[in-house]
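For reference, the structure discussed in these notes is given below.
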Amino acid sequence: MLSSQIKSNEIEFGSCNKDLLEEIIFYGMGLGADFIEIFIENTDNSSVLAEEDFITSVSPSFGKGAGIRIFKDKRDGFVSTNDLTKHGLMRSVSQAIEMLDITNKKNKKVFNGLNKHRDYTLSKRTWIDEVPSIHEISEKLLISTKSLKKNNKIIARKGSYSRNLQEVIIASSDGTYASDIRLHQTVGLNVIASEAQYRSNGSRRFGSSGMPDEFRTWDHEKAANDVIESSMNMLYADYVEAGQMPVILANKFGGVIFHEACGHLLETTQIERGTTPFENKLNEKIAHESVTAIDEGISEGSFGSLSIDDEGMEPEKSILIKDGILKKFISDRAGELRTGHKRTGSGRRQNYSFAAASRMRNTFISKGEYSKEDLINSISDGLYCKSMGGGSVGATGQFNFAVEEGYLIKNGKLTKPVKGATLIGEAKEVMPKISMCGNDLELAPGFCGSISGSVNVTVGQPHIKVDSITVGGR
Amino acid sequence: MKSRELTTQISKAADLLNLKKWDYGASFSNDYSVQVDKGEAKQLKASQKQVLTIRVWNESNLVGITTTSDISKSGIKKALNQANIASDFGNKNESTEFSPLAKYPIEVNEEKKRNPVGIKKLLTLLREAEVKLLESHESINSVPYNGLSESFFERVYANSDGAFRSYTKSQAALYLYARAEEKGKKPRSSGSVKIGYGVNDIDIESCIKEASNKTISHLNYSSIKTDKYLICFSPESFLTIFNAFSSMFNARSILDGVSLSNKNSIGEKLSTEALNIYDDGLHKKNISSAPFDGEGTPTRKLCLINKGKIENFIHSESTARTFKTIPTGHAGLGSKVSVSPDWIVVEKSKGDYDLKTTLDHSSYEGEFVYIEELNAIHAGVKASQGSFSLPFDGWLYKKGKKVSIESATVAGDIKYLLKNIVNIELNQEVTTSGISPHIWVDSLSITGDT
């Protein structure tokens, strides 16, 4: 008998768990659930930190757990556990049923057993052997931090790497039965430069999904030069003078403005909460006609790409805004149930201890027709934001984000570097002010924290011009 | 699995693998939470979680670490093995040892541990709170961010030298963030958070009242002219900005070159002599207090700023050895041990100082900006440079009248801020991150829409 045919009382990764999963779902449906979803994960992660010329931290971790979500009408109960035995999973189902206080045992939908297993793991089982070893990672990180030692103004050098390998099994009462393996690798370089009273930071992060060799081929020398150039340019920078002004946002991570200012407000979780100004604006103009924005999970190797989302659906390419017109919201299962917007393969979560929610994947503004120089030449007094830091959006749609590396624009030319700038505004007001899009679209990896934890995403855009925005400074 | 049993299992597995020196930290938790939406249960959540972090020292006394949620026999064995492999990459330039205080006697007070009230009760209480908040003012149309939770957990530290510590705790939290909107105006949002040892210890009424009052008070807003202003930091906002720059007192950050301080900064004058700041994790008002840190070192009160001068740094075992002092009870447990503050207490020191005591947030009639809450700390603080540029919620006061500020940022430098403290009010207020009075600072940059 093949091992995959042995009936088990515990979830086994790499085996067929269909009978056990069906038994648990039937059990929950028998108790009155309208819908049951079981998300099971097994993780194998490691991270390495190099500081100056030494490895100062190697941190492996592994674990497993399950998240069980039960819907009754539009309410949902979610239970997470580390116990993957049949007994443990059934106890979690009972707990979720009890929490929802289900007295009406009649199901709205019937469970007819799980569909044929969709196995996305087949070509990915070897990834764990193909990713670089800790020894290999350490060697390359040390070479990278050595590359950062360009002059005596650099007082701190860091290189960090992390690798997350996640195997998931997803089964639900609509018949979904799928499994997948996800691999994410990220590497970052940071420096602090200092001279007399002056200090600056430089940092860059790179990331990929599903590409075991990516770190080996990463051009650390180019990355190091970029980080050093940024920190040296900013070392003697003056603080930016506060005020309203036109800004040019660089491509790649400049896309964080769209992610924070608009992307979050197009997630159905925001409609559920009543915190998006775009709730009733479908097919209405919400942005300048030069703006077309997309969210997708399919670009090969991109940090936010997925074979299936955390609810077992293959991700789609969603055109959110077309020529300034709102076309679609980013939706998950709960979003579809509660707001009516069709799922987009965007149900995502940090791990088993979070219920999935509608989250962005690879989100970007499409390229336009202008060159970067066209954009800069169009401004007489403004700010060029070459490198962006993090940001956030509040319950009223107000957003803010930090400019890591900025330059003043005077009479259509880049002039002196400035620091300490924060861009603040409201999505509804800023989106119509994106008047020019460049032709140099590029994506950049990042982590997005929200209701279902921290997930891997990419942000992106070409260079874009915002006609006027509040720049916080001194 | 009981914590003593886990220690025995780890000890046995380590013996089998011939690993002589190890320690571990573990936590076991059961959490329950509810969210509601206009009277309906939205999401009900329960989680059972366990996390084990094991450190192993190899024959060269280098440390390796592994973290896992699998505490089965095979999981423990795998974790020890992985930690042993990782120890080959241990930091040769900075050794780590057991804390010399890991067996020092401590008092574990579990009197305030509460029993679960259960999901149904949580749901009933939150529904009632949401209704009351919605009914408190006609402009409040939703409570988009709300939650009531209770947690029960056990934390353990043990090592191969016989140290063993554990404590169990309960904690509950309520947050209510309301959204209000009036015709022709932008929506405004504000809220309140309350924590307690258990749900029954939380003052739900005051949370509702605070969330309502704060939200309503922002309905009449106006933009502010970009300029330099006299600032009054609320206790919460001062603690937020102080914590954001706590690397100034963090020995780990100093050794890593990412702090504004250096090894010789003890005694450096940062602020007025009227300022005292302590880290006091065991303070009786600190509901999240822990009797020991990640390395098993007892938590204790430590003076960070005494009469305006740096008095102490916070340490782990390793940084304390480097600085030739003793660990202070602020360590995490990691491959590279992190150090962080517990609970900050800000007070006016005893004595007569040159403070502008007429500055009182409840009676001062001159012009000033009151900063109620600072936002987006992760984006707007450059701890290694000392600079900040942060959006905030607050009011502009003029002649005793206040107007909510529409959208603005406050920017400056932490050393400038501390040096320019012009008054420290007498009354301290308890917040979730510490205790502080209102603090007045002269001449900080505010950027507004005007």
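Convention: chains lettered A, B, ... in structure tokens order; per-chain residue numbering from 1; ligands numbered from 1 as shown.
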
Near chain A, meaning an atom within 7 Å, which residues of chain B appear when counting only C-alpha atoms? Write them as number ranges by chain. B: 41-49, 65-70, 86, 89-91, 119-120, 144, 187-189, 257, 335-336, 376, 378-380, 385, 389, 409, 411, 445, 447, 449

Those same residues - C-alpha atoms - I'd like them written as a PDB file, in the first residue's frame.
ATOM      1  CA  ALA B  41     -21.191  39.721  15.331  1.00  0.00           C
ATOM      2  CA  LYS B  42     -18.599  40.097  12.591  1.00  0.00           C
ATOM      3  CA  GLN B  43     -15.676  37.898  13.461  1.00  0.00           C
ATOM      4  CA  LEU B  44     -15.262  35.727  16.512  1.00  0.00           C
ATOM      5  CA  LYS B  45     -11.799  34.368  17.011  1.00  0.00           C
ATOM      6  CA  ALA B  46     -10.075  31.873  19.255  1.00  0.00           C
ATOM      7  CA  SER B  47      -6.498  30.703  19.099  1.00  0.00           C
ATOM      8  CA  GLN B  48      -4.359  28.239  20.938  1.00  0.00           C
ATOM      9  CA  LYS B  49      -0.702  28.898  20.375  1.00  0.00           C
ATOM     10  CA  ILE B  65      19.001  29.078  18.039  1.00  0.00           C
ATOM     11  CA  THR B  66      15.746  27.694  16.657  1.00  0.00           C
ATOM     12  CA  THR B  67      12.124  28.675  17.125  1.00  0.00           C
ATOM     13  CA  THR B  68       9.211  26.308  16.636  1.00  0.00           C
ATOM     14  CA  SER B  69       5.551  25.776  17.383  1.00  0.00           C
ATOM     15  CA  ASP B  70       6.069  22.010  17.382  1.00  0.00           C
ATOM     16  CA  ALA B  86      23.110  27.063  13.610  1.00  0.00           C
ATOM     17  CA  PHE B  89      27.548  30.211  12.583  1.00  0.00           C
ATOM     18  CA  GLY B  90      27.470  31.706  16.074  1.00  0.00           C
ATOM     19  CA  ASN B  91      28.938  35.161  16.565  1.00  0.00           C
ATOM     20  CA  ILE B 119     -16.915  34.523  23.760  1.00  0.00           C
ATOM     21  CA  LYS B 120     -20.649  35.037  24.314  1.00  0.00           C
ATOM     22  CA  PRO B 144     -15.126  50.643  11.980  1.00  0.00           C
ATOM     23  CA  PRO B 187     -15.038  62.318   7.934  1.00  0.00           C
ATOM     24  CA  ARG B 188     -13.165  62.337  11.247  1.00  0.00           C
ATOM     25  CA  SER B 189     -12.079  59.415  13.342  1.00  0.00           C
ATOM     26  CA  GLY B 257      26.220  52.154  16.116  1.00  0.00           C
ATOM     27  CA  SER B 335      20.227  34.570  18.051  1.00  0.00           C
ATOM     28  CA  LYS B 336      21.243  38.177  18.504  1.00  0.00           C
ATOM     29  CA  ALA B 376       2.709  56.494  11.569  1.00  0.00           C
ATOM     30  CA  HIS B 378       7.172  53.394  11.748  1.00  0.00           C
ATOM     31  CA  ALA B 379       7.335  55.714   8.752  1.00  0.00           C
ATOM     32  CA  GLY B 380       8.225  59.087  10.222  1.00  0.00           C
ATOM     33  CA  GLN B 385      19.451  60.251  13.006  1.00  0.00           C
ATOM     34  CA  SER B 389       8.241  64.068  10.894  1.00  0.00           C
ATOM     35  CA  THR B 409       2.665  66.962  10.707  1.00  0.00           C
ATOM     36  CA  ALA B 411       8.741  67.655  12.688  1.00  0.00           C
ATOM     37  CA  SER B 445       7.710  72.874  13.210  1.00  0.00           C
ATOM     38  CA  THR B 447       3.180  71.685   8.573  1.00  0.00           C
ATOM     39  CA  ASP B 449      -2.562  72.587   4.628  1.00  0.00           C
TER      40      ASP B 449
END

Could you pull the residues within 8 Å of Asp310 (chain A), counting only C-alpha atoms, minus those fewer than 5 positions along the same chain, as a compact mmCIF listing (two decimals) with C-alpha atoms, in the first residue's frame?
# COMPACT_ATOMS: atom_id res chain seq x y z
CA PHE A 39 -6.21 26.12 6.15
CA ILE A 170 -6.69 24.30 1.80
CA SER A 346 -6.85 37.96 -3.13
CA GLY A 347 -7.74 36.14 0.11
CA ARG A 348 -4.45 36.36 1.97
CA ARG A 349 -3.07 35.89 5.50
CA ALA A 356 -7.84 35.45 5.25

I need the residues in region 263-334 of chain A that are helix (DSSP H, G or I) according to DSSP; give them as a list of chain:residue names. A:Gly263, A:His264, A:Leu265, A:Leu266, A:Thr268, A:Thr269, A:Gln270, A:Ile271, A:Glu272, A:Arg273, A:Arg333, A:Ala334

Give me a file of those residues, with C-alpha atoms, as a PDB file, in the first residue's frame.
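The resulting file, again07.pdb, is reproduced below:
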ATOM      1  CA  GLY A 263      -5.037  50.359  -2.925  1.00  0.00           C
ATOM      2  CA  HIS A 264      -6.135  49.732   0.675  1.00  0.00           C
ATOM      3  CA  LEU A 265      -9.343  51.645   0.032  1.00  0.00           C
ATOM      4  CA  LEU A 266     -10.163  49.262  -2.816  1.00  0.00           C
ATOM      5  CA  THR A 268     -13.531  44.886   0.301  1.00  0.00           C
ATOM      6  CA  THR A 269     -12.597  44.837   4.003  1.00  0.00           C
ATOM      7  CA  GLN A 270     -12.747  48.639   3.786  1.00  0.00           C
ATOM      8  CA  ILE A 271     -16.228  48.482   2.271  1.00  0.00           C
ATOM      9  CA  GLU A 272     -17.283  46.141   5.076  1.00  0.00           C
ATOM     10  CA  ARG A 273     -16.090  48.713   7.599  1.00  0.00           C
ATOM     11  CA  ARG A 333     -14.548  35.123   0.258  1.00  0.00           C
ATOM     12  CA  ALA A 334     -15.899  37.191   3.164  1.00  0.00           C
TER      13      ALA A 334
END

What's around Val143 (chain B) at 6 Å? Count only C-alpha atoms, leave out sequence neighbours fewer than 6 positions away in its own chain, and write the answer as an MDAnalysis selection string. chainID B and resid 177:179

May I have all residues of region 20-256 of chain A that DSSP, computed from the backbone, assigns to strand (DSSP E), given as a ChimeraX atom specification? /A:35-51,54-72,75-81,118-119,154-172,177-195,198-209,238-239,243-249

Could you tell me how far CA of Asp34 (chain A) sits from CA of Val110 (chain A), in Å to one decimal place? 7.9 Å

Measure the distance from CA of Phe249 (chain B) to CA of Asn420 (chain B) in Å and round it to one decimal.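 According to the coordinates, CA of Phe249 (chain B) and CA of Asn420 (chain B) are separated by 19.3 Å.
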
For Lys281 (chain A), find every residue with an atom within 10 Å (counting only C-alpha atoms), except residues of its own chain fewer than 2 positions away, and show them as a list in words.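 Final neighbour list, sorted by chain and number: Pro277, Phe278, Glu279, Asn283, Glu284, Lys285, Ile286, Ile325, Leu326, Lys327 and Lys328 of chain A.
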
Restricting the calculation to only C-alpha atoms, which member of B:Ser247, B:Ser362, B:Ser340, B:Ser29 is positioned closest to Lys382 (chain B)?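 Answer, going by the shortest atom-to-atom distance: B:Ser247.
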
Pick out the residues sitting within 10 Å of Glu295 (chain B), and hand them over as a count of residues only; count only C-alpha atoms, and ignore anything fewer than 4 positions along from it in its own chain. 22

Distance query Leu275 (chain B) at most 12 Å, only C-alpha atoms, self and fewer than 6 positions along chain excluded, as JSON, numbers by chain: {"B": [269, 303, 304, 305, 306, 307, 308, 309, 310, 311, 345, 346, 347, 348, 349, 350, 351, 352, 353, 354, 355, 418, 419, 420, 421, 422, 423, 424, 425, 426, 436, 437, 439, 440]}

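Nearest-residue note for Arg204 (chain A): choosing from A:His463, A:Gly188, A:Asp219, A:Gly304, the minimum distance belongs to A:Gly188, counting only C-alpha atoms.
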
Do a neighbour search on Ala172 (chain B) at 8 Å with only C-alpha atoms, toss out local chain neighbours closer than 3 positions, and write the hits as a ChimeraX atom specification. /B:148-151,195-199,202

Identify which of the residues A:Met245, A:Leu282, A:Val187, A:Met232 lies closest to Pro445 (chain A), counting only C-alpha atoms when measuring atom-to-atom distances.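 Closest to Pro445 (chain A) of all the choices is A:Val187.
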
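The closest residue to Asp174 (chain A), picked from A:Glu369, A:Glu22, A:Asp53, A:Glu442 and counting only C-alpha atoms, is A:Glu22.
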
Between CA of Pro391 (chain B) and CA of Val403 (chain B), what is the distance, to one decimal in Å?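 Computed distance, CA of Pro391 (chain B) to CA of Val403 (chain B), equals 16.6 Å.
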